[in-house]
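Worksheet for the structure shown next.
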Amino acid sequence: MLAQSIFNGLVMGGVYALIAVGLTIIFGVMKVINFAQGECLMLGMYAAWALHRATGLSPYILIVPVMTVMFLIGQFIFSLVINPIVGRPPTDFVVVTMGLAFVLVSVIQLIFSPTYQTVVTTAKNITIRLGSVSLGTPRVIACGVMIAAVLAVRLFLKKTDVGRAMRATAENLEVAQMLGVNTRRNFALAFALGVTMAGLSGLLLTPIYYVFPNVGMPFKTISMVIVVLGGLGSIGGAVLGGLIAGVVEAVLGAYISPDLAPAGIFLILILVLAFRPEGMFGKGARKA
Amino acid sequence: MAAILELKDLCKSFGGVHAVNHVSFKIEKGEILGLIGPNGSGKSTCVNLISGVYKADGGDVLFEGKSVIRTSIAGRSRMGIGRTFQSPKPFTGLTVFDSVYTIAMQTRSYKEASKISGEILEQMGLSQYEKMRCEKLPIEKRKWLDMARVLVTRPRVLLLDEVMAGLNPNEIDESVALVRRVNKSGITVLFIEHVMKAVIKLCSRLVVLNDGRLLTSGDPDTVMNDPKVIAAYLGRGYHHAEND
């Protein structure tokens, strides 16, 4: 039972990690937290559900179209809401993104109603067996896609010209600006990429969860905990934090009570922060 | 000669401290102007005001006759105002080559950026460190990396903020030659420095700040023998040491 719980936790942790990676990319470059990240996940779920309804295709085949839609939504939100407050105090960003979260939920409720929707896939009925452990295919696929997405993001940041410019912006915004780096474009890209990651997580969750306007709320909370646990701005930290959160949640859920799972994750967070206030892989406050 | 950069009645305070207090001076096109003064006299604040890091409380900065006081940091960089930093600020996560190449790529094609980055790193004596991560680069080399990065932005005015601090006499000589080469390539230089040997070798004019105010300006000989400059900055022992 323990092995089963750990494996369940690891695959669910993969999804948490992907949401947290999106949040981390935004924080890493812009040094702000997107409080609408959970709602972006919800948009990804609705995009997957709507495209699935319209085409009849499996959500897994719709990964590229949904990611494209989410990237464009991210760019649109950046231009409309985020760009005007770039350079303003971080509290402005908190208020604006919280407001954005409410607006997104309300708009989706108006368009699709608060009714719970489902996405049916054949993968849902297939179970993968690893010795005594059995795992639901959607969760395994979600974990696999997470690994591929995180590797792709790392490759993008390390090996491409745009990625290197984003890292330069992330490391020292003022110096990057003084050297003529187009930091505004990098902010827009980081934000859109973060939203895309949240949307991809949403798509991967559609075969597992109901699709409804407030579905993003618990994921938002947990992804913020994971980002702090892993260390603000660290992609590796977000992945490890996600996996730890998934395992803690699954083991506590199996052995004590599912209601205690969030408390266990917060307890781990408190313990880590007591010994490493910058999180597991955080570098602490950067000096200008 | 026409002024490429002009500070007009520039003011900046931090709380009750007047870091720059009604300072005005011009930098002529093509010259190396030395900006000297004791620590805390307002030299670096002037550089930060010119490059846009600080917003001025009053006064103006003119670049080629046009006010840039409301222009963003990036905008000033694009116009041709480049700077280095008193404490080098490398992009620690990138390699030496990538940190120059990433800047070069902002305005050039891949091929051109790659070529110019290699050339400038060679000029700065950093070719052997190309693949090294900047965080591992020796401290004294980081200043030249700062310089390499700013040179690929094609600056027309270069603000060099204490690039020679901590260098040994040989390195200072090499650095003097390097700054001269940069200037000969058509780049006007504002040279902020405490190493007087380098200041005298390089600068055609000097501006002296003290307590945030302009103390005096003129050719190096006149300025170095000015009793006000000796009292406020150089000290009486300076000329004795020079004569020894």
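Chain identifiers are assigned as A, B, and so on, following the order in which chains appear in the structure tokens; residues are numbered from 1 within each chain, and ligands are numbered from 1 in order of appearance.
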Give me, as CSV, each residue of chain B that comes within 8 Å of chain A, together with its shortest interatomic pair and the distance in Å at one decimal, counting only C-alpha atoms, with rows ordered by chain and rising residue number.
```
residue,atom,partner,partner_atom,distance
B:Ser51,CA,A:Met178,CA,7.4
B:Val53,CA,A:Glu174,CA,7.6
B:Ile73,CA,A:Met178,CA,5.6
B:Ala74,CA,A:Gln177,CA,4.7
B:Gly75,CA,A:Gly180,CA,7.7
B:Arg76,CA,A:Met178,CA,7.7
B:Ser77,CA,A:Met178,CA,5.5
B:Arg78,CA,A:Gly180,CA,6.0
B:Gly82,CA,A:Met178,CA,7.2
B:Arg83,CA,A:Met178,CA,7.7
B:Lys89,CA,A:Val175,CA,7.5
B:Phe91,CA,A:Ala168,CA,5.9
B:Thr92,CA,A:Glu171,CA,7.8
B:Gly93,CA,A:Arg167,CA,7.7
B:Leu94,CA,A:Arg164,CA,7.5
B:Asp98,CA,A:Arg164,CA,7.7
B:Ser99,CA,A:Ala168,CA,7.8
B:Thr102,CA,A:Ala165,CA,6.0
B:Ile103,CA,A:Val181,CA,6.5
B:Met105,CA,A:Asp161,CA,7.6
B:Gln106,CA,A:Val181,CA,6.2
B:Arg149,CA,A:Leu179,CA,7.3
B:Val150,CA,A:Leu179,CA,6.2
B:Thr153,CA,A:Leu179,CA,6.5
```
Take the residues just selected and output them with N, CA, C and O atoms as a short mmCIF file (atom, residue, chain, number, x, y, z; two decimals), in the first residue's frame.
```cif
data_model
loop_
_atom_site.label_atom_id
_atom_site.label_comp_id
_atom_site.auth_asym_id
_atom_site.auth_seq_id
_atom_site.Cartn_x
_atom_site.Cartn_y
_atom_site.Cartn_z
N SER B 51 22.80 57.52 -16.77
CA SER B 51 22.34 56.25 -17.38
C SER B 51 20.87 55.97 -17.09
O SER B 51 20.29 55.03 -17.66
N VAL B 53 19.49 55.20 -14.04
CA VAL B 53 19.21 54.34 -12.88
C VAL B 53 18.48 55.15 -11.81
O VAL B 53 17.54 54.67 -11.18
N ILE B 73 15.86 53.71 -18.99
CA ILE B 73 17.23 53.18 -18.97
C ILE B 73 17.55 52.54 -20.33
O ILE B 73 18.57 52.82 -20.94
N ALA B 74 16.63 51.69 -20.80
CA ALA B 74 16.84 50.99 -22.06
C ALA B 74 16.91 51.98 -23.22
O ALA B 74 17.71 51.82 -24.15
N GLY B 75 16.07 53.01 -23.16
CA GLY B 75 16.05 54.03 -24.22
C GLY B 75 17.38 54.75 -24.31
O GLY B 75 17.90 54.99 -25.41
N ARG B 76 17.95 55.08 -23.16
CA ARG B 76 19.25 55.77 -23.16
C ARG B 76 20.33 54.85 -23.72
O ARG B 76 21.23 55.30 -24.42
N SER B 77 20.23 53.56 -23.37
CA SER B 77 21.20 52.60 -23.92
C SER B 77 21.09 52.56 -25.44
O SER B 77 22.10 52.57 -26.15
N ARG B 78 19.85 52.52 -25.94
CA ARG B 78 19.65 52.45 -27.39
C ARG B 78 20.16 53.72 -28.08
O ARG B 78 20.63 53.68 -29.21
N GLY B 82 26.38 54.21 -22.81
CA GLY B 82 26.75 52.92 -22.22
C GLY B 82 27.52 53.14 -20.94
O GLY B 82 28.11 54.20 -20.74
N ARG B 83 27.50 52.13 -20.08
CA ARG B 83 28.23 52.30 -18.81
C ARG B 83 28.76 50.97 -18.28
O ARG B 83 28.26 49.91 -18.64
N LYS B 89 28.90 43.60 -12.61
CA LYS B 89 27.62 42.89 -12.48
C LYS B 89 27.47 41.90 -13.63
O LYS B 89 26.71 42.14 -14.56
N PHE B 91 26.33 38.47 -15.67
CA PHE B 91 25.20 37.54 -15.62
C PHE B 91 25.78 36.19 -15.20
O PHE B 91 26.26 35.43 -16.04
N THR B 92 25.74 35.91 -13.92
CA THR B 92 26.52 34.78 -13.39
C THR B 92 26.12 33.42 -13.98
O THR B 92 26.94 32.52 -14.04
N GLY B 93 24.87 33.30 -14.39
CA GLY B 93 24.42 32.02 -14.90
C GLY B 93 24.85 31.75 -16.35
O GLY B 93 24.75 30.61 -16.82
N LEU B 94 25.32 32.77 -17.05
CA LEU B 94 25.71 32.59 -18.46
C LEU B 94 27.22 32.42 -18.57
O LEU B 94 27.97 32.80 -17.67
N ASP B 98 28.46 33.82 -23.92
CA ASP B 98 27.01 34.01 -24.03
C ASP B 98 26.57 35.36 -23.48
O ASP B 98 25.62 35.97 -23.99
N SER B 99 27.25 35.83 -22.43
CA SER B 99 26.79 37.09 -21.85
C SER B 99 27.08 38.26 -22.78
O SER B 99 26.34 39.24 -22.79
N THR B 102 24.65 37.50 -26.06
CA THR B 102 23.24 37.78 -25.81
C THR B 102 22.95 39.27 -26.00
O THR B 102 21.91 39.65 -26.54
N ILE B 103 23.89 40.10 -25.58
CA ILE B 103 23.71 41.55 -25.76
C ILE B 103 23.87 41.92 -27.23
O ILE B 103 23.07 42.67 -27.78
N MET B 105 23.25 40.12 -29.76
CA MET B 105 22.11 39.60 -30.53
C MET B 105 20.91 40.55 -30.54
O MET B 105 20.02 40.43 -31.38
N GLN B 106 20.87 41.48 -29.61
CA GLN B 106 19.72 42.38 -29.52
C GLN B 106 19.59 43.26 -30.76
O GLN B 106 18.50 43.71 -31.10
N ARG B 149 30.69 43.75 -22.73
CA ARG B 149 29.23 43.74 -22.92
C ARG B 149 28.73 45.09 -23.38
O ARG B 149 27.86 45.18 -24.25
N VAL B 150 29.28 46.15 -22.78
CA VAL B 150 28.76 47.47 -23.15
C VAL B 150 29.26 47.88 -24.54
O VAL B 150 28.56 48.56 -25.28
N THR B 153 27.11 47.08 -27.48
CA THR B 153 25.88 47.87 -27.67
C THR B 153 26.13 49.09 -28.56
O THR B 153 25.23 49.88 -28.80
#
```
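When the distance limit is 9 Å and only C-alpha atoms are what count, the residues near Lys201 in chain B, minus those fewer than 4 positions from it on the same chain, are Val176, Met196 and Lys197 of chain B.
Of note, CA of Val163 in chain B and CA of Pro38 in chain B are spaced 16.1 Å apart.
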Sel. of strand (DSSP E or B) residues, range 123-229 of chain B, as JSON, numbers by chain: {"B": [133, 157, 158, 159, 160, 161, 188, 189, 190, 191, 192, 205, 206, 207, 208, 209, 210, 213, 214, 215, 216, 217, 218]}
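If you measure from each of B:Met224, B:Ala198, B:Ile4, B:Leu35 to Leu178 in chain B using only C-alpha atoms, the closest one turns out to be B:Ala198.
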What's around Val107 in chain A at 12 Å? Count only C-alpha atoms, leave out sequence neighbours fewer than 2 positions away in its own chain, and write the answer as a PyMOL selection string. chain A and resi 39+42-43+46+100-105+109-114+213-214
Output the selection as a PDB file, in the first residue's frame - C-alpha atoms for each residue.
```pdb
ATOM      1  CA  GLU A  39      -7.451  30.304 -13.082  1.00  0.00           C
ATOM      2  CA  MET A  42      -8.889  26.402 -15.359  1.00  0.00           C
ATOM      3  CA  LEU A  43      -8.751  28.159 -18.760  1.00  0.00           C
ATOM      4  CA  TYR A  46     -11.934  24.675 -20.573  1.00  0.00           C
ATOM      5  CA  LEU A 100      -7.771  38.986 -12.909  1.00  0.00           C
ATOM      6  CA  ALA A 101      -8.488  35.655 -11.204  1.00  0.00           C
ATOM      7  CA  PHE A 102     -12.012  36.816 -10.244  1.00  0.00           C
ATOM      8  CA  VAL A 103     -12.643  38.182 -13.732  1.00  0.00           C
ATOM      9  CA  LEU A 104     -11.546  34.945 -15.419  1.00  0.00           C
ATOM     10  CA  VAL A 105     -13.792  32.816 -13.178  1.00  0.00           C
ATOM     11  CA  GLN A 109     -19.182  31.164 -15.524  1.00  0.00           C
ATOM     12  CA  LEU A 110     -21.070  33.542 -17.785  1.00  0.00           C
ATOM     13  CA  ILE A 111     -20.049  31.704 -20.949  1.00  0.00           C
ATOM     14  CA  PHE A 112     -20.221  28.069 -19.813  1.00  0.00           C
ATOM     15  CA  SER A 113     -22.343  28.280 -16.598  1.00  0.00           C
ATOM     16  CA  PRO A 114     -21.081  26.803 -13.298  1.00  0.00           C
ATOM     17  CA  PRO A 213     -15.000  27.564 -13.062  1.00  0.00           C
ATOM     18  CA  ASN A 214     -13.459  27.311  -9.573  1.00  0.00           C
TER      19      ASN A 214
END
```
